[in-house]
Amino acid sequence: MNSNARGKIVEMEETVVRERKASRIPVKCRETNKFIPVFLCAVVVLTVMSLIYLEIDWLKMASRIPDVGIVFWNLAHLDFANIDLIVSSLIETISIAVLSLLYSMILGILFGMLAARNVFRIPFLSTITQSFFTFLRAVPTPVWVLLMLVCLGMGPEAGVAGLCVHTTAFFTKSFAQSFESIPDETLEALEVTGTGRLSIFTNAILPAALSQIVAWAGMRLETNFSECAILGMVGAGGIGYVISTSLQGYDYGTAGVAILLVFLVAYCIERIFVRIKKKFA
């Protein structure tokens with residue numbers, strides 16, 4: 001190959017490289033967010049401070065790792081001798097989760113109307129409603145259940161009431177955001193025709209946000225069911241009480257069956273609402 005041919009080949013390769021570079025989309029952000037490094041540094045500092053304050057004995061934790069395997073091995077030896085008690089407690093837990101969800105959805109829609117800024121268009125009312133339910137959300141669910149246990153006594157009633165408080169606060173914020181996602185042009189067009197606020201909500205805002213409401217309800221039902229399994233350990237009834245007493249009595253076989261059923265029900269709830277959401281979509 002002569003020198004002219006080689007020169008042409010090199011020139012063609014350089015042309016191809018320049019064209020590739022010119023066709024690339026620049027992805028480097030020149031104006032980087034300066035808050036991100038500050039945030040990451042703060043996370044590292046807080047992590048180190050937490051480790052120092054807690055004084056975690058890592059050697060002790062490492063020595064107990066084989067015990068974790070032994071416990072899970074014992075849980076795997078399922079014992080179906082008390083399956084009647086387990087199933088009845090599981091049904092009670094599902095009932096608590098469903099009732100608290102239904103009551104909270106009704107209350108969440110009502111209070112969500114007040115919290116949304118595009119329904120009644122009263123900024124003061126929206127701010128007061130959002131602030132009140134922010135306070136309710138800030139208090140964890142177990143605290144509300146314990147308060148209801150003091151007021152109503154031991155049993156599923158306290159579980160339903162305690163879950164309703166926190167779930168209603170959750171739905172109020174979630175539904176309000178869903179209502180506010182409706183375009184203002186649609187609402188203004190209905191207002192021009194002389195339609196009332198309540199009629200606009202029931203005929204336009206609520207149907208348009210229905211798919212989002214179903215999605216929020218499915219996620220919250222799964223959360224409520226998981227919380228019910230935990231709250232039963234503090235006296236709210238349900239499958240959590242069976243798991244707690246079985247573990248305290250070293251009856252790992254019964255506890256293993258109860259935990260397995262909790263996992264299966266939670267998975268089924270997730271899949272059911274995924275299908276329901278697809279239908280609405």
# chains A, B, ... in the order shown; residues from 1 in each chain; ligands from 1

call {"tool": "residues_around", "arguments": {"residues": "Val257 in chain A", "least_positions_apart": "2", "cutoff": "8 Å", "atoms": "only C-alpha atoms", "output": "NGL selection string"}}
result
:A and (75 or 78-80 or 86 or 253-255 or 259-261)

call {"tool": "closest_atom_pairs", "arguments": {"of": "range 124-220 of chain A", "to": "range 106-109 of chain A", "cutoff": "8 Å", "atoms": "only C-alpha atoms", "output": "Markdown table"}}
result
| residue | atom | partner | partner_atom | distance |
| --- | --- | --- | --- | --- |
| A:Thr168 | CA | A:Gly108 | CA | 5.2 |
| A:Ala169 | CA | A:Gly108 | CA | 7.1 |
| A:Phe170 | CA | A:Gly108 | CA | 7.8 |
| A:Phe171 | CA | A:Gly108 | CA | 4.8 |
| A:Thr172 | CA | A:Gly108 | CA | 4.5 |
| A:Phe175 | CA | A:Ile109 | CA | 6.5 |

call {"tool": "write_last_selection", "arguments": {"atoms": "C-alpha atoms", "output": "PDB file, in the first residue's frame"}}
result
ATOM      1  CA  THR A 168     -56.559   9.049  57.335  1.00  0.00           C
ATOM      2  CA  ALA A 169     -53.695  11.516  57.700  1.00  0.00           C
ATOM      3  CA  PHE A 170     -51.817   9.669  54.946  1.00  0.00           C
ATOM      4  CA  PHE A 171     -54.813   9.607  52.602  1.00  0.00           C
ATOM      5  CA  THR A 172     -55.583  13.288  53.210  1.00  0.00           C
ATOM      6  CA  PHE A 175     -55.645  12.443  47.843  1.00  0.00           C
TER       7      PHE A 175
END

call {"tool": "residues_around", "arguments": {"residues": "Gly159 in chain A", "least_positions_apart": "4", "cutoff": "12 Å", "atoms": "only C-alpha atoms", "output": "tab-separated table (two decimals) with N, CA and C atoms, in the first residue's frame"}}
result
chain	number	residue	atom	x	y	z
A	92	GLU	N	-58.60	-12.17	61.37
A	92	GLU	CA	-58.82	-10.98	62.21
A	92	GLU	C	-57.89	-9.84	61.78
A	93	THR	N	-56.64	-10.17	61.46
A	93	THR	CA	-55.70	-9.15	61.01
A	93	THR	C	-56.13	-8.54	59.68
A	94	ILE	N	-56.57	-9.38	58.75
A	94	ILE	CA	-57.05	-8.87	57.46
A	94	ILE	C	-58.27	-7.98	57.65
A	95	SER	N	-59.16	-8.38	58.55
A	95	SER	CA	-60.36	-7.58	58.81
A	95	SER	C	-60.00	-6.21	59.37
A	96	ILE	N	-59.05	-6.18	60.29
A	96	ILE	CA	-58.60	-4.90	60.86
A	96	ILE	C	-58.02	-4.01	59.77
A	97	ALA	N	-57.18	-4.59	58.91
A	97	ALA	CA	-56.55	-3.81	57.85
A	97	ALA	C	-57.59	-3.28	56.86
A	98	VAL	N	-58.57	-4.11	56.49
A	98	VAL	CA	-59.59	-3.70	55.51
A	98	VAL	C	-60.50	-2.62	56.10
A	99	LEU	N	-60.96	-2.82	57.33
A	99	LEU	CA	-61.86	-1.84	57.95
A	99	LEU	C	-61.17	-0.49	58.11
A	100	SER	N	-59.94	-0.52	58.61
A	100	SER	CA	-59.22	0.75	58.78
A	100	SER	C	-58.98	1.42	57.43
A	101	LEU	N	-58.78	0.62	56.38
A	101	LEU	CA	-58.59	1.20	55.05
A	101	LEU	C	-59.87	1.86	54.53
A	141	THR	N	-47.70	5.14	64.00
A	141	THR	CA	-48.91	4.35	64.18
A	141	THR	C	-48.94	3.60	65.51
A	142	PRO	N	-47.83	2.96	65.95
A	142	PRO	CA	-47.89	2.26	67.25
A	142	PRO	C	-48.28	3.16	68.42
A	143	VAL	N	-47.90	4.44	68.34
A	143	VAL	CA	-48.26	5.37	69.42
A	143	VAL	C	-49.77	5.58	69.44
A	144	TRP	N	-50.37	5.76	68.26
A	144	TRP	CA	-51.82	5.94	68.20
A	144	TRP	C	-52.54	4.69	68.68
A	145	VAL	N	-52.02	3.52	68.32
A	145	VAL	CA	-52.66	2.27	68.77
A	145	VAL	C	-52.56	2.13	70.28
A	146	LEU	N	-51.41	2.47	70.85
A	146	LEU	CA	-51.27	2.40	72.30
A	146	LEU	C	-52.22	3.37	73.00
A	147	LEU	N	-52.39	4.56	72.42
A	147	LEU	CA	-53.35	5.51	72.99
A	147	LEU	C	-54.77	4.96	72.92
A	148	MET	N	-55.11	4.32	71.82
A	148	MET	CA	-56.44	3.72	71.69
A	148	MET	C	-56.61	2.52	72.61
A	149	LEU	N	-55.53	1.82	72.89
A	149	LEU	CA	-55.61	0.71	73.85
A	149	LEU	C	-55.97	1.23	75.24
A	150	VAL	N	-55.42	2.39	75.59
A	150	VAL	CA	-55.75	3.00	76.88
A	150	VAL	C	-57.21	3.44	76.90
A	151	CYS	N	-57.70	3.96	75.76
A	151	CYS	CA	-59.07	4.48	75.72
A	151	CYS	C	-60.11	3.37	75.54
A	152	LEU	N	-59.81	2.41	74.67
A	152	LEU	CA	-60.81	1.40	74.29
A	152	LEU	C	-60.55	0.03	74.89
A	153	GLY	N	-59.35	-0.18	75.43
A	153	GLY	CA	-59.03	-1.48	76.00
A	153	GLY	C	-58.41	-2.39	74.96
A	154	MET	N	-57.99	-3.57	75.41
A	154	MET	CA	-57.34	-4.54	74.53
A	154	MET	C	-58.35	-5.08	73.53
A	155	GLY	N	-57.88	-5.33	72.30
A	155	GLY	CA	-58.75	-5.92	71.30
A	155	GLY	C	-58.60	-5.28	69.95
A	163	LEU	N	-55.10	2.62	63.63
A	163	LEU	CA	-54.70	2.63	62.23
A	163	LEU	C	-55.45	3.69	61.44
A	164	CYS	N	-56.72	3.91	61.79
A	164	CYS	CA	-57.52	4.91	61.08
A	164	CYS	C	-56.93	6.31	61.22
A	165	VAL	N	-56.40	6.62	62.38
A	165	VAL	CA	-55.86	7.96	62.59
A	165	VAL	C	-54.71	8.23	61.63
A	166	HIS	N	-53.74	7.34	61.63
A	166	HIS	CA	-52.55	7.56	60.78
A	166	HIS	C	-52.88	7.37	59.31
A	167	THR	N	-53.74	6.40	58.97
A	167	THR	CA	-54.09	6.16	57.58
A	167	THR	C	-54.90	7.32	57.00
A	224	ASN	N	-50.94	-1.34	55.90
A	224	ASN	CA	-51.80	-1.59	57.06
A	224	ASN	C	-51.74	-3.05	57.50
A	225	PHE	N	-51.71	-3.95	56.54
A	225	PHE	CA	-51.63	-5.36	56.90
A	225	PHE	C	-50.32	-5.66	57.61
A	227	GLU	N	-48.49	-3.52	59.29
A	227	GLU	CA	-48.53	-2.89	60.60
A	227	GLU	C	-49.44	-3.65	61.57
A	228	CYS	N	-50.52	-4.22	61.06
A	228	CYS	CA	-51.40	-5.02	61.92
A	228	CYS	C	-50.67	-6.22	62.50
A	229	ALA	N	-49.81	-6.83	61.68
A	229	ALA	CA	-49.04	-7.98	62.15
A	229	ALA	C	-48.09	-7.58	63.27
A	230	ILE	N	-47.62	-6.33	63.24
A	230	ILE	CA	-46.73	-5.85	64.29
A	230	ILE	C	-47.52	-5.38	65.51
A	231	LEU	N	-48.63	-4.67	65.25
A	231	LEU	CA	-49.41	-4.09	66.34
A	231	LEU	C	-50.08	-5.17	67.19
A	232	GLY	N	-50.31	-6.35	66.62
A	232	GLY	CA	-50.86	-7.43	67.42
A	232	GLY	C	-49.95	-7.83	68.57
A	233	MET	N	-48.67	-7.53	68.44
A	233	MET	CA	-47.72	-7.87	69.51
A	233	MET	C	-47.88	-6.97	70.73
A	234	VAL	N	-48.57	-5.82	70.56
A	234	VAL	CA	-48.75	-4.93	71.71
A	234	VAL	C	-50.18	-4.99	72.24
A	235	GLY	N	-50.95	-5.99	71.77
A	235	GLY	CA	-52.28	-6.19	72.34
A	235	GLY	C	-53.43	-5.77	71.48
A	236	ALA	N	-53.16	-5.46	70.17
A	236	ALA	CA	-54.24	-5.03	69.28
A	236	ALA	C	-54.92	-6.20	68.59
A	237	GLY	N	-54.55	-7.42	68.91
A	237	GLY	CA	-55.17	-8.60	68.33
A	237	GLY	C	-54.56	-8.96	66.99
A	238	GLY	N	-54.95	-10.14	66.49
A	238	GLY	CA	-54.50	-10.55	65.17
A	238	GLY	C	-53.32	-11.50	65.21
A	240	GLY	N	-50.22	-10.98	64.85
A	240	GLY	CA	-49.04	-10.55	65.57
A	240	GLY	C	-48.97	-11.11	66.98
